[in-house]
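What follows is a set of notes on a single structure, which appears directly below.
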Amino acid sequence: MLIRKTFHFTVIFTLISLMCMSLISTAFAASNGDNGKKYLPSKVINALEQKSKGIQTSESDQILGNVLAPSSMNIETPNINMDKVVITTPLSAFKYNFKKDLRQHGYTENEIENFSFGDYKKAESSWKLKKEQIIVAKKLYPKLKNVDISSWTNADFNNYFSKMNKASLAKRFKQEQLQQLKQKGINFEDVIYLFKEFHTVDAVLSQPDAKLKETIKDYYQFKLDQVELLATNPDQSKYTQLDMPRYGVDWFLNDVVTSDYWLQVQSDRTLVSLRALYKIGLSSFNGYITNMYGTYSLSQGGAHEGIDFAYGGIGTSIYAIFDGTDVLTGGYYHQLSVYDDDVNKTYNFLHMSEVDAPGEPVTHGDYVGKQGDEGNATGAHVHFEVHSGETTGLSGEHDDVLGSISPYQLQIYLGEL
Ligand SMILES: [Zn+2]
């Protein structure tokens, strides 16, 4: 469970930027420091303080109108528009070597020393796409195949995939279902949180309003806690918000922002495995990744240890996306564990409504069981988690440390680059 905190405006809104910058002429120190407040223009601080005292003026309303996004279902906890937040996490908090990129773009060691993640993203947005980024972009979006994107900057591509993410999310709803969301007072931006918990449109819409409200509220609280953490103690910040192609905006544990290959590749590989898992072709593709590895998971109360796949409902057949030497017994009744001695890893499938017989070898494409919503699950989906060695043990819950290994490293099963 999340630890609920009393909400203090002055502490939480310590990292808000861009729009405010246009409002306020005060220069804005964007990177590291020990007091989060110094990142905020004084007019915003004053407006927040006034609001916390219950004083409202038209000027403070105007300022806060630019930093507060509308929240769903009349939830009183203010939402934060993360587009306007400067992420001050120091680059050293990530495993990925961001400094190498900065050196390649001509930044001096002195400049790099003071770079935050937010500074990096800002610098990166003006860089042109690298050759390998162009290859991956065209793989992710076949529509771009014959488009010349050699002049695109990272900002151009980020805008493109944000637009595509939104469109693909909307495509999951029929017109009347979108109407139902609206009637419930749910902003479309918050739907990603609901999918993380309920996985399918039907499951989302069949929840009682109170449950939906509680879910959104808990994610708002997590978001606020993270912003507060970023503001008051950047070194301890564990999650950073990223926009992932074909998935959307989410919070990722800094530890997973590690790979020396482009982040986007991960989601492309994941989609290859998604199709194989349900044996669905490209043309009839309407399966989804409802949660990724290393994101913040409400139901796990910490880092999400696997990938969540969802396609169809309870009872949908699942197929092996690997060759395994043995199906293991043990673990949970809804757990299917397959050991692969070639790579000395165990693949786990959870929440299954039916699992394959133990002791049998499996090969790629074999039927292994049926999708369900058993155990710690609120909707039909498959949780796929990978561990080293031969084990049916799963990762501990309720922490921000990943005990499983990254499924994206399994290039053989998750598709070629
Ligand atoms: Zn999961």
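Going by the structure tokens order, chains are called A, B, ..., each with residues numbered from 1, while ligands are numbered from 1 in the order shown.
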
Margin query: Using only C-alpha atoms and all ligand atoms, which residues have at least one atom no more than 12 Å from ligand 1? Output them as a count of residues only.
Written below: 49

Note to self: Quick one: residues within 12 Å of Leu181 (chain A), only C-alpha atoms, excluding same-chain residues fewer than 3 positions away - as a PyMOL selection string?
What the structure shows: chain A and resi 72-73+170+173-178+184-191+194+201-202+204-207+209+212-213

If you take only C-alpha atoms and a cut-off of 10 Å, which residues of region 85-201 of chain A touch region 249-254 of chain A, and what are their nearest atom pairs and distances in Å to one decimal, in chain and number order, as CSV?
```
residue,atom,partner,partner_atom,distance
A:Thr89,CA,A:Asn254,CA,9.4
A:Leu91,CA,A:Asn254,CA,9.8
A:Ser92,CA,A:Asn254,CA,9.9
A:Ala93,CA,A:Asn254,CA,6.6
A:Phe94,CA,A:Asn254,CA,5.2
A:Lys95,CA,A:Asn254,CA,7.4
A:Tyr96,CA,A:Asn254,CA,8.9
A:Ser162,CA,A:Val249,CA,8.4
A:Asn165,CA,A:Val249,CA,8.7
A:Lys166,CA,A:Val249,CA,9.8
A:Glu189,CA,A:Val249,CA,9.0
A:Ile192,CA,A:Val249,CA,8.0
A:Tyr193,CA,A:Asp250,CA,8.6
```

Export, as a PDB file, in the first residue's frame, the selected residues with N, CA, C and O atoms.
```pdb
ATOM      1  N   THR A  89      16.501  14.910 -11.318  1.00  0.00           N
ATOM      2  CA  THR A  89      17.269  13.713 -10.968  1.00  0.00           C
ATOM      3  C   THR A  89      18.673  13.817 -11.581  1.00  0.00           C
ATOM      4  O   THR A  89      18.816  14.044 -12.778  1.00  0.00           O
ATOM      5  N   LEU A  91      22.158  12.777 -13.273  1.00  0.00           N
ATOM      6  CA  LEU A  91      22.417  11.708 -14.244  1.00  0.00           C
ATOM      7  C   LEU A  91      23.039  10.480 -13.588  1.00  0.00           C
ATOM      8  O   LEU A  91      22.893   9.359 -14.076  1.00  0.00           O
ATOM      9  N   SER A  92      23.700  10.690 -12.452  1.00  0.00           N
ATOM     10  CA  SER A  92      24.335   9.557 -11.769  1.00  0.00           C
ATOM     11  C   SER A  92      23.317   8.582 -11.185  1.00  0.00           C
ATOM     12  O   SER A  92      23.655   7.466 -10.808  1.00  0.00           O
ATOM     13  N   ALA A  93      22.030   8.999 -11.097  1.00  0.00           N
ATOM     14  CA  ALA A  93      21.000   8.107 -10.551  1.00  0.00           C
ATOM     15  C   ALA A  93      20.604   7.019 -11.555  1.00  0.00           C
ATOM     16  O   ALA A  93      19.916   6.067 -11.213  1.00  0.00           O
ATOM     17  N   PHE A  94      21.026   7.169 -12.800  1.00  0.00           N
ATOM     18  CA  PHE A  94      20.665   6.191 -13.837  1.00  0.00           C
ATOM     19  C   PHE A  94      21.864   5.314 -14.164  1.00  0.00           C
ATOM     20  O   PHE A  94      23.004   5.742 -14.047  1.00  0.00           O
ATOM     21  N   LYS A  95      21.558   4.109 -14.606  1.00  0.00           N
ATOM     22  CA  LYS A  95      22.666   3.242 -15.015  1.00  0.00           C
ATOM     23  C   LYS A  95      23.127   3.590 -16.430  1.00  0.00           C
ATOM     24  O   LYS A  95      24.254   3.342 -16.794  1.00  0.00           O
ATOM     25  N   TYR A  96      22.232   4.141 -17.204  1.00  0.00           N
ATOM     26  CA  TYR A  96      22.579   4.494 -18.574  1.00  0.00           C
ATOM     27  C   TYR A  96      23.608   5.622 -18.565  1.00  0.00           C
ATOM     28  O   TYR A  96      23.511   6.558 -17.772  1.00  0.00           O
ATOM     29  N   SER A 162       4.185  10.473 -29.154  1.00  0.00           N
ATOM     30  CA  SER A 162       3.155  10.847 -28.169  1.00  0.00           C
ATOM     31  C   SER A 162       1.777  10.869 -28.835  1.00  0.00           C
ATOM     32  O   SER A 162       0.788  10.411 -28.266  1.00  0.00           O
ATOM     33  N   ASN A 165       0.782   7.294 -29.503  1.00  0.00           N
ATOM     34  CA  ASN A 165       0.379   6.633 -28.260  1.00  0.00           C
ATOM     35  C   ASN A 165      -1.063   6.984 -27.905  1.00  0.00           C
ATOM     36  O   ASN A 165      -1.851   6.131 -27.518  1.00  0.00           O
ATOM     37  N   LYS A 166      -1.368   8.251 -28.027  1.00  0.00           N
ATOM     38  CA  LYS A 166      -2.706   8.720 -27.670  1.00  0.00           C
ATOM     39  C   LYS A 166      -3.744   8.106 -28.615  1.00  0.00           C
ATOM     40  O   LYS A 166      -4.802   7.661 -28.186  1.00  0.00           O
ATOM     41  N   GLU A 189      -6.220  11.125 -20.100  1.00  0.00           N
ATOM     42  CA  GLU A 189      -4.818  11.020 -19.665  1.00  0.00           C
ATOM     43  C   GLU A 189      -4.650   9.998 -18.534  1.00  0.00           C
ATOM     44  O   GLU A 189      -3.568   9.465 -18.329  1.00  0.00           O
ATOM     45  N   ILE A 192      -4.344   5.265 -18.718  1.00  0.00           N
ATOM     46  CA  ILE A 192      -3.187   4.370 -18.605  1.00  0.00           C
ATOM     47  C   ILE A 192      -3.094   3.750 -17.204  1.00  0.00           C
ATOM     48  O   ILE A 192      -2.780   2.582 -17.048  1.00  0.00           O
ATOM     49  N   TYR A 193      -3.418   4.551 -16.170  1.00  0.00           N
ATOM     50  CA  TYR A 193      -3.366   4.021 -14.800  1.00  0.00           C
ATOM     51  C   TYR A 193      -4.400   2.925 -14.606  1.00  0.00           C
ATOM     52  O   TYR A 193      -4.188   1.950 -13.897  1.00  0.00           O
TER      53      TYR A 193
END
```

Margin query: Just checking: using only C-alpha atoms, which residue out of A:Asn154, A:Thr215, A:Ser406, A:Ser317 ends up closest to Thr270 (chain A)?
Written below: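 Comparing A:Asn154, A:Thr215, A:Ser406, A:Ser317 against Thr270 (chain A), the winner is A:Ser406.
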
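Separating CA of Phe322 (chain A) from CA of Leu402 (chain A) is a distance of 22.8 Å.
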
Check: Between A:Thr329, A:Thr240, A:Ser150, A:Asn159, which one has atoms that come closest to Asp356 (chain A), using only C-alpha atoms?
Finding: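 Counting only C-alpha atoms, the residue closest to Asp356 (chain A) is A:Thr329.
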
Margin query: What does the structure give for the distance between CA of Lys100 (chain A) and CA of Arg269 (chain A), in Å to one decimal?
Written below: 25.0 Å

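Here CA of Lys345 (chain A) stands at a distance of 10.6 Å from CA of Ser404 (chain A).
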
Next item on the list: Pick out the residues sitting within 8 Å of region 134-145 of chain A, and hand them over as a count of residues only; count only C-alpha atoms, and ignore anything fewer than 3 positions along from it in its own chain.
Entry: 11

Note to self: Considering only C-alpha atoms, can you say which of A:Ser52, A:Tyr333, A:Trp152, A:Asp243 comes closest to Gln133 (chain A)?
What the structure shows: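 Checking each candidate against Gln133 (chain A), we get A:Trp152 as the closest.
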
Next item on the list: Write down as an NGL selection string the residues belonging to region 115-312 of chain A that are assigned helix (DSSP H, G or I) by DSSP computed on the backbone.
Entry: :A and (117-124 or 131-140 or 142-144 or 154-171 or 175-183 or 188-198 or 201-206 or 209-232 or 234-236 or 254-256 or 263-278)

Margin query: Would you pick out the contacts of Phe98 (chain A) at 12 Å or less, using only C-alpha atoms, so that residues sharing its chain but fewer than 6 positions from it are not included, and give the list as a VMD selection string?
Written below: chain A and resid 90 to 92 104 to 105 107 112 to 113 115 to 121 123 to 124 257 to 260 262

9 Å contact set for Ala276 (chain A), only C-alpha atoms, chain neighbours under 5 positions out, as a compact mmCIF listing (two decimals) with N, CA, C and O atoms, in the first residue's frame:
```txt
# COMPACT_ATOMS: atom_id res chain seq x y z
N LEU A 271 6.53 -6.31 -28.29
CA LEU A 271 5.39 -6.54 -29.16
C LEU A 271 5.54 -7.81 -29.98
O LEU A 271 4.57 -8.52 -30.23
N GLY A 281 -1.55 -12.62 -35.57
CA GLY A 281 -0.80 -12.03 -36.68
C GLY A 281 -0.84 -10.52 -36.61
O GLY A 281 -1.56 -9.93 -35.81
N ILE A 318 -2.57 -19.53 -24.38
CA ILE A 318 -1.22 -18.96 -24.32
C ILE A 318 -0.23 -19.97 -24.89
O ILE A 318 -0.34 -21.17 -24.62
N TYR A 319 0.74 -19.48 -25.66
CA TYR A 319 1.73 -20.35 -26.30
C TYR A 319 3.14 -19.97 -25.87
O TYR A 319 3.41 -18.79 -25.57
N ALA A 320 4.02 -20.97 -25.85
CA ALA A 320 5.41 -20.72 -25.42
C ALA A 320 6.12 -19.82 -26.42
O ALA A 320 6.01 -20.01 -27.63
N ILE A 321 6.85 -18.83 -25.89
CA ILE A 321 7.60 -17.93 -26.77
C ILE A 321 9.09 -18.30 -26.71
O ILE A 321 9.96 -17.49 -27.00
N HIS A 364 8.95 -23.65 -28.68
CA HIS A 364 8.35 -22.41 -29.17
C HIS A 364 7.04 -22.72 -29.90
O HIS A 364 7.00 -23.57 -30.79
N GLY A 365 5.96 -22.07 -29.51
CA GLY A 365 4.69 -22.27 -30.18
C GLY A 365 3.78 -23.31 -29.54
O GLY A 365 2.61 -23.42 -29.90
```

Check: If you run DSSP on the backbone, which residues of region 87-190 of chain A are strand (DSSP E or B), as a list in words?
Finding: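 So, restricting region 87-190 of chain A to strand (DSSP E or B), we get Pro90, Ser116, Lys128 and Thr153 of chain A.
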